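Structure file query.cif (mmCIF, C-alpha atoms) follows.
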```
data_structure
#
loop_
_atom_site.label_atom_id
_atom_site.label_comp_id
_atom_site.auth_asym_id
_atom_site.auth_seq_id
_atom_site.Cartn_x
_atom_site.Cartn_y
_atom_site.Cartn_z
CA MET A 1 0.00 0.00 0.00
CA THR A 2 1.08 3.58 -0.50
CA ILE A 3 1.23 6.02 2.37
CA ARG A 4 1.49 9.79 2.00
CA TYR A 5 2.65 11.93 4.88
CA PHE A 6 2.09 15.65 5.33
CA ALA A 7 3.30 18.52 7.49
CA ASP A 8 5.27 17.56 10.61
CA ILE A 9 4.46 13.89 10.04
CA ARG A 10 6.49 14.09 6.87
CA ALA A 11 9.36 15.47 8.94
CA LEU A 12 9.02 12.61 11.43
CA THR A 13 9.22 9.97 8.71
CA GLY A 14 11.74 11.77 6.54
CA ARG A 15 9.65 11.20 3.46
CA GLY A 16 6.48 12.34 1.74
CA GLU A 17 5.41 9.00 0.43
CA GLU A 18 6.30 5.36 0.67
CA THR A 19 5.18 1.94 -0.37
CA TRP A 20 4.56 -0.21 2.68
CA THR A 21 4.96 -3.91 2.14
CA ASP A 22 4.69 -5.27 5.69
CA ALA A 23 1.42 -7.05 6.46
CA ALA A 24 -1.12 -4.65 7.95
CA PRO A 25 -4.70 -5.97 8.07
CA ASP A 26 -5.94 -2.80 9.76
CA MET A 27 -4.94 0.78 10.47
CA ARG A 28 -3.89 0.10 14.04
CA THR A 29 -1.42 -2.53 12.91
CA LEU A 30 -0.09 -0.23 10.21
CA LEU A 31 0.39 2.68 12.63
CA GLN A 32 2.10 0.44 15.16
CA GLY A 33 4.43 -0.75 12.42
CA LEU A 34 5.18 2.82 11.40
CA ALA A 35 5.84 3.79 15.01
CA ALA A 36 8.25 0.89 15.34
CA GLN A 37 10.01 2.06 12.18
CA TYR A 38 10.08 5.81 12.85
CA GLY A 39 10.48 5.91 16.60
CA SER A 40 8.82 7.29 19.68
CA ALA A 41 8.38 10.84 18.37
CA PHE A 42 6.23 9.49 15.54
CA GLY A 43 4.34 7.27 17.94
CA LYS A 44 3.63 10.14 20.31
CA ARG A 45 2.38 12.29 17.45
CA ILE A 46 0.06 9.63 16.07
CA PHE A 47 -1.30 7.99 19.20
CA GLU A 48 -3.13 9.19 22.26
CA GLY A 49 -2.86 6.13 24.46
CA ASP A 50 -4.06 3.35 22.18
CA GLN A 51 -6.27 5.65 20.10
CA LEU A 52 -5.51 7.97 17.25
CA ASN A 53 -4.42 11.50 18.19
CA LYS A 54 -7.47 13.71 17.68
CA ALA A 55 -5.43 16.17 15.63
CA ILE A 56 -4.42 13.53 13.09
CA THR A 57 -6.69 12.69 10.18
CA ILE A 58 -6.26 9.59 8.08
CA PHE A 59 -7.94 8.79 4.80
CA ILE A 60 -8.00 5.41 3.09
CA ASN A 61 -8.69 5.60 -0.63
CA GLY A 62 -10.19 9.05 -0.19
CA ARG A 63 -12.39 8.15 2.80
CA ASP A 64 -11.91 9.51 6.30
CA ILE A 65 -11.36 6.54 8.61
CA THR A 66 -13.71 8.02 11.19
CA TYR A 67 -16.44 7.15 8.69
CA LEU A 68 -15.14 3.59 8.49
CA ARG A 69 -14.00 1.81 11.62
CA GLY A 70 -11.58 4.41 12.89
CA ILE A 71 -8.24 3.08 13.96
CA ASP A 72 -9.57 -0.45 13.44
CA SER A 73 -10.46 0.19 9.79
CA PRO A 74 -9.42 -2.77 7.64
CA LEU A 75 -6.69 -2.33 5.05
CA LYS A 76 -5.81 -4.09 1.81
CA SER A 77 -2.41 -4.29 0.22
CA ASP A 78 -3.35 -1.94 -2.63
CA ASP A 79 -4.91 0.77 -0.48
CA ALA A 80 -3.78 4.41 -0.59
CA VAL A 81 -3.40 5.98 2.83
CA ALA A 82 -2.93 9.69 3.61
CA ILE A 83 -1.90 10.84 7.09
CA PHE A 84 -2.09 14.55 7.91
CA PRO A 85 -2.86 16.95 10.74
CA ILE A 86 -5.72 19.39 10.83
CA VAL A 87 -3.94 22.60 11.77
CA GLY A 88 -5.18 25.82 13.24
CA GLY A 89 -2.70 28.50 12.23
CA GLY A 90 -3.55 31.42 10.02
CA MET B 1 -21.38 54.57 -4.26
CA ASN B 2 -24.41 52.36 -4.98
CA ALA B 3 -24.24 48.71 -5.87
CA VAL B 4 -25.16 49.18 -9.53
CA LYS B 5 -22.45 51.75 -10.12
CA ALA B 6 -19.99 49.63 -8.19
CA SER B 7 -20.69 46.64 -10.35
CA THR B 8 -20.21 48.51 -13.59
CA ASP B 9 -17.44 50.74 -12.39
CA GLY B 10 -15.60 51.69 -15.55
CA ASP B 11 -12.94 49.26 -16.58
CA ARG B 12 -12.18 48.03 -13.08
CA TYR B 13 -13.83 44.64 -13.30
CA SER B 14 -13.72 44.12 -17.05
CA ARG B 15 -11.32 41.19 -16.94
CA GLN B 16 -13.31 39.49 -14.23
CA ILE B 17 -16.57 40.07 -16.06
CA ARG B 18 -15.10 38.49 -19.17
CA PHE B 19 -14.50 35.30 -17.21
CA SER B 20 -17.44 33.11 -18.16
CA GLY B 21 -18.07 32.02 -14.59
CA ILE B 22 -18.67 35.61 -13.47
CA GLY B 23 -20.08 37.79 -16.22
CA GLU B 24 -22.13 40.94 -15.62
CA ASP B 25 -24.64 39.07 -13.50
CA GLY B 26 -21.95 37.62 -11.26
CA GLN B 27 -20.33 41.01 -10.84
CA ARG B 28 -23.64 42.49 -9.72
CA LEU B 29 -24.04 39.66 -7.22
CA LEU B 30 -20.57 40.37 -5.84
CA ALA B 31 -21.44 44.03 -5.43
CA GLN B 32 -24.46 43.04 -3.38
CA SER B 33 -22.54 40.55 -1.22
CA ARG B 34 -21.61 41.03 2.42
CA VAL B 35 -18.59 39.07 3.58
CA ALA B 36 -16.96 38.89 7.00
CA ILE B 37 -13.27 38.09 7.26
CA VAL B 38 -12.51 36.80 10.73
CA GLY B 39 -8.86 37.49 11.43
CA CYS B 40 -6.65 39.92 9.52
CA GLY B 41 -3.42 37.97 9.72
CA ALA B 42 -1.76 36.23 6.83
CA LEU B 43 -4.85 34.42 5.58
CA GLY B 44 -7.28 37.20 6.31
CA SER B 45 -5.28 40.01 4.78
CA ALA B 46 -4.73 38.03 1.57
CA GLN B 47 -8.44 37.13 1.40
CA ALA B 48 -9.44 40.73 2.05
CA GLU B 49 -7.32 42.08 -0.75
CA LEU B 50 -8.60 39.55 -3.29
CA LEU B 51 -12.21 40.10 -2.29
CA ALA B 52 -11.86 43.88 -2.34
CA ARG B 53 -10.26 43.83 -5.76
CA ALA B 54 -12.99 41.48 -6.96
CA GLY B 55 -15.63 44.02 -5.99
CA VAL B 56 -17.39 42.37 -3.05
CA GLY B 57 -19.68 45.19 -1.98
CA PHE B 58 -19.28 44.95 1.79
CA LEU B 59 -16.31 43.62 3.72
CA LEU B 60 -16.24 43.37 7.48
CA LEU B 61 -12.72 42.92 8.85
CA ILE B 62 -12.64 41.47 12.37
CA ASP B 63 -9.40 41.40 14.35
CA ARG B 64 -8.38 42.73 17.73
CA ASP B 65 -4.61 42.46 17.26
CA TYR B 66 -2.07 45.12 16.35
CA VAL B 67 0.43 45.12 13.52
CA GLU B 68 3.88 43.88 14.50
CA TRP B 69 7.13 43.81 12.54
CA SER B 70 7.03 40.02 12.38
CA ASN B 71 3.75 40.29 10.45
CA LEU B 72 5.32 42.10 7.49
CA GLN B 73 6.91 38.95 6.05
CA ARG B 74 3.51 37.55 5.06
CA GLN B 75 0.60 39.81 6.00
CA ALA B 76 0.29 41.59 2.72
CA LEU B 77 -1.85 44.57 3.66
CA PHE B 78 0.55 46.02 6.26
CA ASP B 79 3.69 48.08 5.89
CA GLU B 80 6.48 49.44 8.06
CA LYS B 81 4.53 52.54 9.08
CA ASP B 82 1.72 50.33 10.40
CA ALA B 83 4.17 48.26 12.47
CA GLU B 84 5.97 51.34 13.74
CA ALA B 85 2.66 52.80 14.88
CA SER B 86 1.33 49.45 16.17
CA LEU B 87 -1.92 50.13 14.35
CA PRO B 88 -4.89 47.83 14.91
CA LYS B 89 -4.81 45.30 12.09
CA ALA B 90 -8.45 45.76 11.15
CA ALA B 91 -8.00 49.52 10.86
CA ALA B 92 -4.74 49.33 8.93
CA ALA B 93 -6.23 46.75 6.57
CA ALA B 94 -9.34 48.85 6.00
CA ALA B 95 -7.27 51.91 5.17
CA ARG B 96 -5.16 49.99 2.68
CA LEU B 97 -8.17 48.36 1.04
CA LYS B 98 -9.97 51.68 0.68
CA ALA B 99 -7.03 52.90 -1.36
CA ILE B 100 -7.35 49.79 -3.54
CA ASN B 101 -11.10 49.96 -4.04
CA SER B 102 -13.00 53.03 -2.93
CA SER B 103 -16.23 51.84 -4.51
CA ILE B 104 -17.01 49.19 -1.89
CA GLU B 105 -17.84 49.46 1.79
CA ILE B 106 -15.11 48.29 4.16
CA VAL B 107 -15.75 48.21 7.89
CA PRO B 108 -13.06 47.43 10.47
CA ALA B 109 -14.11 45.80 13.73
CA ILE B 110 -11.33 45.94 16.31
CA SER B 111 -12.87 43.17 18.29
CA ASP B 112 -12.75 39.52 19.27
CA LEU B 113 -15.28 37.19 17.71
CA THR B 114 -16.76 35.47 20.75
CA ALA B 115 -20.05 33.90 21.72
CA ALA B 116 -20.99 37.28 23.17
CA THR B 117 -20.16 39.30 20.02
CA VAL B 118 -20.83 36.93 17.14
CA ASP B 119 -24.52 37.66 16.65
CA ASP B 120 -23.96 41.40 16.41
CA LEU B 121 -20.81 41.22 14.32
CA LEU B 122 -22.05 38.67 11.79
CA GLU B 123 -25.58 40.02 11.42
CA ASN B 124 -26.61 40.26 7.76
CA ILE B 125 -23.42 38.59 6.56
CA HIS B 126 -23.72 36.30 3.54
CA LEU B 127 -20.44 34.40 3.89
CA VAL B 128 -17.66 34.09 6.45
CA MET B 129 -13.98 33.74 5.58
CA ASP B 130 -11.72 31.92 8.00
CA GLY B 131 -8.63 33.98 8.73
CA THR B 132 -8.34 32.89 12.35
CA ASP B 133 -5.45 31.31 14.21
CA ASN B 134 -7.26 29.08 16.68
CA PHE B 135 -9.80 26.26 16.76
CA GLU B 136 -12.07 27.85 19.33
CA THR B 137 -12.99 30.68 16.97
CA ARG B 138 -13.33 28.28 14.06
CA TYR B 139 -15.78 26.15 16.01
CA LEU B 140 -17.70 29.30 16.90
CA ILE B 141 -17.85 30.30 13.23
CA ASN B 142 -18.91 26.75 12.39
CA ASP B 143 -21.74 26.86 14.94
CA PHE B 144 -22.93 30.28 13.81
CA ALA B 145 -22.82 29.36 10.15
CA LEU B 146 -24.80 26.17 10.70
CA CYS B 147 -27.31 27.88 12.94
CA HIS B 148 -27.98 30.58 10.35
CA GLY B 149 -27.42 28.62 7.15
CA ILE B 150 -24.45 30.73 6.04
CA PRO B 151 -21.48 29.26 4.19
CA TRP B 152 -17.96 29.64 5.48
CA ILE B 153 -14.60 28.65 4.12
CA TYR B 154 -12.20 26.92 6.52
CA GLY B 155 -8.53 27.54 5.89
CA ALA B 156 -5.42 27.08 7.97
CA ALA B 157 -1.67 27.11 7.52
CA VAL B 158 1.49 26.56 9.49
CA GLY B 159 5.04 26.02 8.32
CA SER B 160 4.79 25.28 4.63
CA TYR B 161 1.53 23.33 4.94
CA GLY B 162 -2.09 24.32 4.75
CA LEU B 163 -5.63 23.08 4.24
CA LYS B 164 -8.84 24.47 2.80
CA MET B 165 -12.40 23.21 2.93
CA PRO B 166 -15.72 24.91 2.17
CA VAL B 167 -18.60 24.46 4.61
CA VAL B 168 -22.00 24.97 3.01
CA PRO B 169 -24.73 24.21 5.57
CA GLY B 170 -27.09 21.53 4.36
CA LYS B 171 -24.77 20.57 1.50
CA THR B 172 -21.34 19.69 2.85
CA CYS B 173 -19.85 18.34 6.02
CA CYS B 174 -18.88 20.87 8.64
CA LEU B 175 -15.63 21.35 10.51
CA ARG B 176 -16.76 19.17 13.39
CA CYS B 177 -17.55 16.29 11.04
CA LEU B 178 -13.85 16.31 10.23
CA LEU B 179 -12.57 17.27 13.67
CA PRO B 180 -15.25 16.63 16.31
CA GLU B 181 -13.20 18.04 19.18
CA PRO B 182 -10.30 20.46 19.32
CA PRO B 183 -6.96 18.65 19.32
CA ASP B 184 -5.44 17.87 22.67
CA GLY B 185 -1.92 18.82 23.52
CA ALA B 186 0.02 21.85 22.37
CA GLN B 187 -0.25 22.53 18.65
CA GLU B 188 2.28 23.86 16.19
CA THR B 189 1.71 27.55 15.66
CA CYS B 190 3.24 30.12 13.36
CA GLU B 191 5.25 31.35 16.32
CA THR B 192 6.69 27.96 17.19
CA ALA B 193 6.96 26.28 13.75
CA GLY B 194 7.18 29.34 11.54
CA VAL B 195 5.11 29.99 8.42
CA LEU B 196 5.85 30.84 4.79
CA GLY B 197 4.10 33.57 2.85
CA PRO B 198 3.48 31.31 -0.16
CA ILE B 199 1.36 28.85 1.82
CA THR B 200 -0.81 31.49 3.42
CA SER B 201 -1.28 33.22 0.07
CA THR B 202 -2.09 29.91 -1.61
CA ILE B 203 -4.65 28.82 0.96
CA ALA B 204 -6.22 32.28 1.03
CA ALA B 205 -6.49 32.31 -2.75
CA LEU B 206 -8.18 28.91 -2.74
CA GLN B 207 -10.59 30.11 -0.07
CA VAL B 208 -11.45 33.19 -2.11
CA ALA B 209 -12.03 31.13 -5.25
CA ASP B 210 -14.62 29.14 -3.32
CA ALA B 211 -16.13 32.33 -1.99
CA LEU B 212 -16.46 33.83 -5.45
CA MET B 213 -18.21 30.68 -6.67
CA ILE B 214 -20.68 30.77 -3.82
CA LEU B 215 -21.34 34.50 -4.02
CA THR B 216 -21.96 34.42 -7.77
CA GLY B 217 -24.52 31.65 -7.50
CA HIS B 218 -22.33 28.65 -8.32
CA ALA B 219 -22.42 26.88 -4.96
CA GLU B 220 -23.78 23.73 -6.58
CA GLN B 221 -20.68 23.49 -8.74
CA LEU B 222 -18.32 23.95 -5.80
CA SER B 223 -15.65 21.31 -5.71
CA ARG B 224 -16.39 19.56 -2.42
CA LYS B 225 -12.88 18.68 -1.56
CA LEU B 226 -10.53 18.96 1.37
CA THR B 227 -7.48 20.51 -0.23
CA ILE B 228 -4.05 19.94 1.28
CA VAL B 229 -1.01 21.86 0.09
CA ASP B 230 2.64 21.84 1.07
CA VAL B 231 4.57 24.46 -0.86
CA TRP B 232 7.97 23.35 0.38
CA ALA B 233 7.46 19.69 -0.41
CA GLY B 234 5.68 20.56 -3.64
CA ASP B 235 2.70 18.47 -2.65
CA ILE B 236 -0.98 18.98 -3.40
CA LEU B 237 -3.67 16.51 -2.44
CA GLN B 238 -7.39 16.81 -2.84
CA LEU B 239 -9.59 14.42 -0.90
CA PRO B 240 -13.36 14.11 -1.23
CA GLN B 241 -15.01 16.05 1.54
CA PRO B 242 -16.66 13.55 3.90
CA GLN B 243 -20.44 13.40 3.99
CA PRO B 244 -22.22 15.28 6.78
CA ARG B 245 -22.39 13.03 9.83
CA ALA B 246 -25.77 12.37 11.40
CA ASP B 247 -24.06 12.15 14.79
CA CYS B 248 -21.96 15.31 14.29
CA PRO B 249 -22.48 17.45 17.41
CA ALA B 250 -22.78 20.57 15.24
CA CYS B 251 -24.48 19.90 11.90
CA GLY B 252 -26.07 16.59 12.93
CA ARG B 253 -27.30 17.11 16.47
CA ARG B 254 -27.19 20.92 16.27
CA GLU B 255 -25.64 21.25 19.72
CA PHE B 256 -24.03 24.63 19.24
CA THR B 257 -21.73 24.42 22.22
CA TYR B 258 -19.46 27.25 21.12
CA LEU B 259 -22.26 29.55 20.01
CA ASN B 260 -23.98 29.00 23.32
CA GLY B 261 -20.77 29.96 25.10
CA LYS B 262 -20.70 26.86 27.24
CA LEU B 263 -16.94 26.83 27.57
CA ARG B 264 -15.28 28.22 30.68
CA ALA B 265 -14.76 31.95 30.41
CA PRO B 266 -11.33 33.46 30.87
CA ILE B 267 -10.79 35.17 34.19
CA SER B 268 -9.03 38.45 34.65
CA LEU B 269 -7.11 38.01 37.88
CA CYS B 270 -7.92 41.09 39.88
CA GLY B 271 -4.94 43.12 41.03
CA ARG B 272 -2.40 40.82 39.41
CA ASN B 273 -2.19 42.23 35.90
CA ALA B 274 -2.90 38.73 34.64
CA VAL B 275 -5.57 36.66 32.91
CA GLN B 276 -6.28 32.99 33.39
CA ILE B 277 -7.30 31.01 30.31
CA TYR B 278 -8.93 27.66 30.96
CA ASP B 279 -11.48 26.99 28.23
CA ARG B 280 -11.46 23.25 28.53
CA GLU B 281 -9.42 20.52 30.09
CA ARG B 282 -6.74 19.20 27.79
CA HIS B 283 -3.56 17.28 28.30
CA LEU B 284 -0.37 19.19 27.54
CA ASP B 285 3.09 17.69 27.32
CA LEU B 286 4.99 20.46 29.04
CA GLN B 287 8.39 19.12 28.05
CA GLU B 288 7.41 19.18 24.40
CA LEU B 289 5.94 22.64 24.79
CA SER B 290 9.13 23.85 26.45
CA ARG B 291 11.16 22.65 23.47
CA ARG B 292 8.90 24.59 21.12
CA LEU B 293 9.02 27.76 23.17
CA ALA B 294 12.72 27.68 24.06
CA PRO B 295 13.83 29.57 20.92
CA LEU B 296 11.37 32.34 21.72
CA GLY B 297 12.31 33.28 25.27
CA THR B 298 13.32 32.01 28.67
CA VAL B 299 11.58 28.77 29.62
CA LYS B 300 11.60 26.71 32.78
CA VAL B 301 9.61 23.53 33.20
CA ASN B 302 8.93 20.87 35.76
CA GLU B 303 6.19 18.27 36.18
CA PHE B 304 3.83 20.85 37.64
CA ALA B 305 4.09 23.80 35.35
CA LEU B 306 5.93 25.52 32.56
CA ARG B 307 6.97 29.13 32.95
CA ALA B 308 8.04 31.19 29.98
CA GLN B 309 9.05 34.80 29.56
CA ILE B 310 8.29 35.81 26.00
CA GLU B 311 7.99 39.34 24.69
CA ASN B 312 6.93 41.29 27.77
CA PHE B 313 4.72 38.54 29.14
CA ASP B 314 5.13 35.94 31.79
CA ILE B 315 3.27 32.78 30.80
CA THR B 316 2.60 29.94 33.22
CA VAL B 317 1.07 26.78 31.75
CA PHE B 318 -0.24 23.76 33.62
CA PRO B 319 -0.53 20.20 32.35
CA ASP B 320 -4.34 20.41 32.18
CA GLY B 321 -4.19 23.28 29.69
CA ARG B 322 -4.81 26.08 32.17
CA ALA B 323 -2.59 29.08 31.65
CA ILE B 324 -1.96 32.32 33.46
CA LEU B 325 -0.75 35.13 31.24
CA LYS B 326 0.81 37.92 33.23
CA GLY B 327 1.42 41.36 31.78
CA THR B 328 -2.12 42.11 30.70
CA THR B 329 -5.63 42.34 32.05
CA ASP B 330 -7.08 42.24 28.53
CA VAL B 331 -8.78 38.92 27.89
CA GLY B 332 -8.45 39.29 24.15
CA VAL B 333 -4.71 39.83 24.39
CA ALA B 334 -4.43 36.80 26.68
CA ARG B 335 -6.42 34.65 24.23
CA SER B 336 -4.16 35.76 21.40
CA LEU B 337 -1.06 34.87 23.36
CA TYR B 338 -2.50 31.48 24.27
CA ALA B 339 -3.33 30.74 20.64
CA LYS B 340 0.09 31.98 19.49
CA TYR B 341 2.29 30.08 21.87
CA ILE B 342 0.29 27.12 23.07
CA GLY B 343 -2.14 26.67 20.20
CA ASN B 344 -5.78 25.90 20.32
#
```
Just give me the structure of the file as structure tokens.
Amino acid sequence: MTIRYFADIRALTGRGEETWTDAAPDMRTLLQGLAAQYGSAFGKRIFEGDQLNKAITIFINGRDITYLRGIDSPLKSDDAVAIFPIVGGG
Amino acid sequence: MNAVKASTDGDRYSRQIRFSGIGEDGQRLLAQSRVAIVGCGALGSAQAELLARAGVGFLLLIDRDYVEWSNLQRQALFDEKDAEASLPKAAAAAARLKAINSSIEIVPAISDLTAATVDDLLENIHLVMDGTDNFETRYLINDFALCHGIPWIYGAAVGSYGLKMPVVPGKTCCLRCLLPEPPDGAQETCETAGVLGPITSTIAALQVADALMILTGHAEQLSRKLTIVDVWAGDILQLPQPQPRADCPACGRREFTYLNGKLRAPISLCGRNAVQIYDRERHLDLQELSRRLAPLGTVKVNEFALRAQIENFDITVFPDGRAILKGTTDVGVARSLYAKYIGN
């Protein structure tokens, strides 16, 4: 699956996009895998306890995961994931 | 100058009128439109200039802050004289816009948009532009817009990154469909992460394009997308705007928490030249906040509180989000500082 990162999340991963080949049947597993890869700073940014940080929005194939099953949304190997923060500056 | 003359004012709008999406009819509709721009910072000042040049007949500019030198890098309506004089942003912006387009009505409101002021300030407004720097005001705008059936255009930017999304009540999702609650923890702000002029100009321009479509009767053709831009990474992504949620506290259940002013009010601490801000309980990582604020002033932190001296203010922040801002008794100034340095 492809994953696109934006804003400070891009800085935490060091890349704007990647192809993820590790098995990830759902978003939680994917995010845990990414946290293991990119370290605690990434994990702290993405997670609030065992839930998704409220400031982080994730879309799968153009659909907001909060309209699916949230952090437990299922994933397929050809899905396109976008991870970005809703920011408040202006 | 009346609306008809404004809409056919010489050659001023000829190139816009020639655009097939606008035409003479669209130009007349713009002349009759009343738009509020909430916040005259980087987003708001760029929006205001584009809307004024486009001939929107009435612009209300709402901001209670004053022009500072650090604004000049990106806040396009202000110049060195404004910063030197510390002019109110709304007033300085209005003066500049009147020199750009004297045929429209431009009204500065040196004021906070709060639950107490929103009904008066936004009375008879057709569309609200988001030029704010904090979520609390955005949620208030969202509530007001939904309550009154008025469209508003969300926009935000920090660093090199920004987002834009139109909210058309009854047609699109609202801000709380996308973000039901304000984010917890300290947020990146322009003060802590910096901000580039190109991203604020880009997001503002996208917001104004949506506004022009709505004001000229093309709301049905509006591209219902959440637009994400990063000018430094060279990235643009457009995602379909989610559907309105039946369980959304704002547009679904119509619980207008922010409009009804149900948050805790700030408290001016009598005799201490300080204001306490404690809108809602939130969890702040004070160590992370101290790292963000360290480049801006003197910061000390322990498990109980963070204390920072920035500009001429003494800011004490507690892990539950409460903050005491010393150096002012003005609640609006305190709110601005909170939004600037802690983020909301």
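CA of Leu75 in chain A is found 6.7 Å from CA of Ala24 in chain A.
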Would you pick out the contacts of Val301 in chain B at 10 Å or less, using all atoms listed in the file, so that residues sharing its chain but fewer than 5 positions from it are not included, and give the list as a PDB file with C-alpha atoms, in the frame of the given file?
```
ATOM      1  CA  LEU B 286       4.990  20.460  29.040  1.00  0.00           C
ATOM      2  CA  GLN B 287       8.390  19.120  28.050  1.00  0.00           C
ATOM      3  CA  LEU B 289       5.940  22.640  24.790  1.00  0.00           C
ATOM      4  CA  SER B 290       9.130  23.850  26.450  1.00  0.00           C
ATOM      5  CA  ARG B 291      11.160  22.650  23.470  1.00  0.00           C
ATOM      6  CA  LEU B 306       5.930  25.520  32.560  1.00  0.00           C
ATOM      7  CA  ARG B 307       6.970  29.130  32.950  1.00  0.00           C
ATOM      8  CA  ALA B 308       8.040  31.190  29.980  1.00  0.00           C
ATOM      9  CA  THR B 316       2.600  29.940  33.220  1.00  0.00           C
ATOM     10  CA  VAL B 317       1.070  26.780  31.750  1.00  0.00           C
ATOM     11  CA  PHE B 318      -0.240  23.760  33.620  1.00  0.00           C
TER      12      PHE B 318
END
```
Test item: axis-aligned box, all listed atoms of range 82-85 of chain A, 4 Å on each side, centre and edges in Å rounded to one decimal, as AutoDock Vina command-line options:
```
--center_x -2.4 --center_y 13.3 --center_z 7.2 --size_x 9.0 --size_y 15.3 --size_z 15.1
```
Any idea which chain B residues end up within 9 Å of chain A if we count only C-alpha atoms, as a PyMOL selection string please? chain B and resi 39+41-44+130-135+138+155-163+178-184+187-190+195+200+228-230+233+235+238-243+245+339-340+343-344
Could you list, as a count of residues only, every residue matched by the PyMOL selection byres ((chain A and resi 1) around 9) in this structure? 13
Spatial sel., origin (-23.0, 14.1, 11.0), limit 10 Å, all atoms listed in the file, listed as a ChimeraX atom specification: /A:67 /B:173-174,176-178,180,242-254
Hey, what comes out of the PyMOL selection byres ((chain A and resi 32) around 12) on this file? Could you write it as a PyMOL selection string? chain A and resi 22-31+33-40+42-44+46-47+49-52+71-72
All residues 12 Å or closer to Leu206 in chain B, only C-alpha atoms, same chain fewer than 2 positions away omitted, as a PyMOL selection string: chain B and resi 43+46-47+50-51+129-130+153-156+162-166+199-204+208-213+222-223+225-229
Work out how far CA of Ile62 in chain B is from CA of Leu30 in chain B, in Å to one decimal.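 Here the two named atoms are 19.9 Å from each other.
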Could you check which residues have any atom within 9 Å of (-18.7, 28.3, 22.0), counting all atoms listed in the file with coordinates taken straight from the file, and then list them as a list in words?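 Residues satisfying the cut-off, written out: Thr114, Ala115, Glu136, Thr137, Tyr139, Leu140, Asp143, Phe256, Thr257, Tyr258, Leu259, Asn260, Gly261, Lys262 and Leu263 of chain B.
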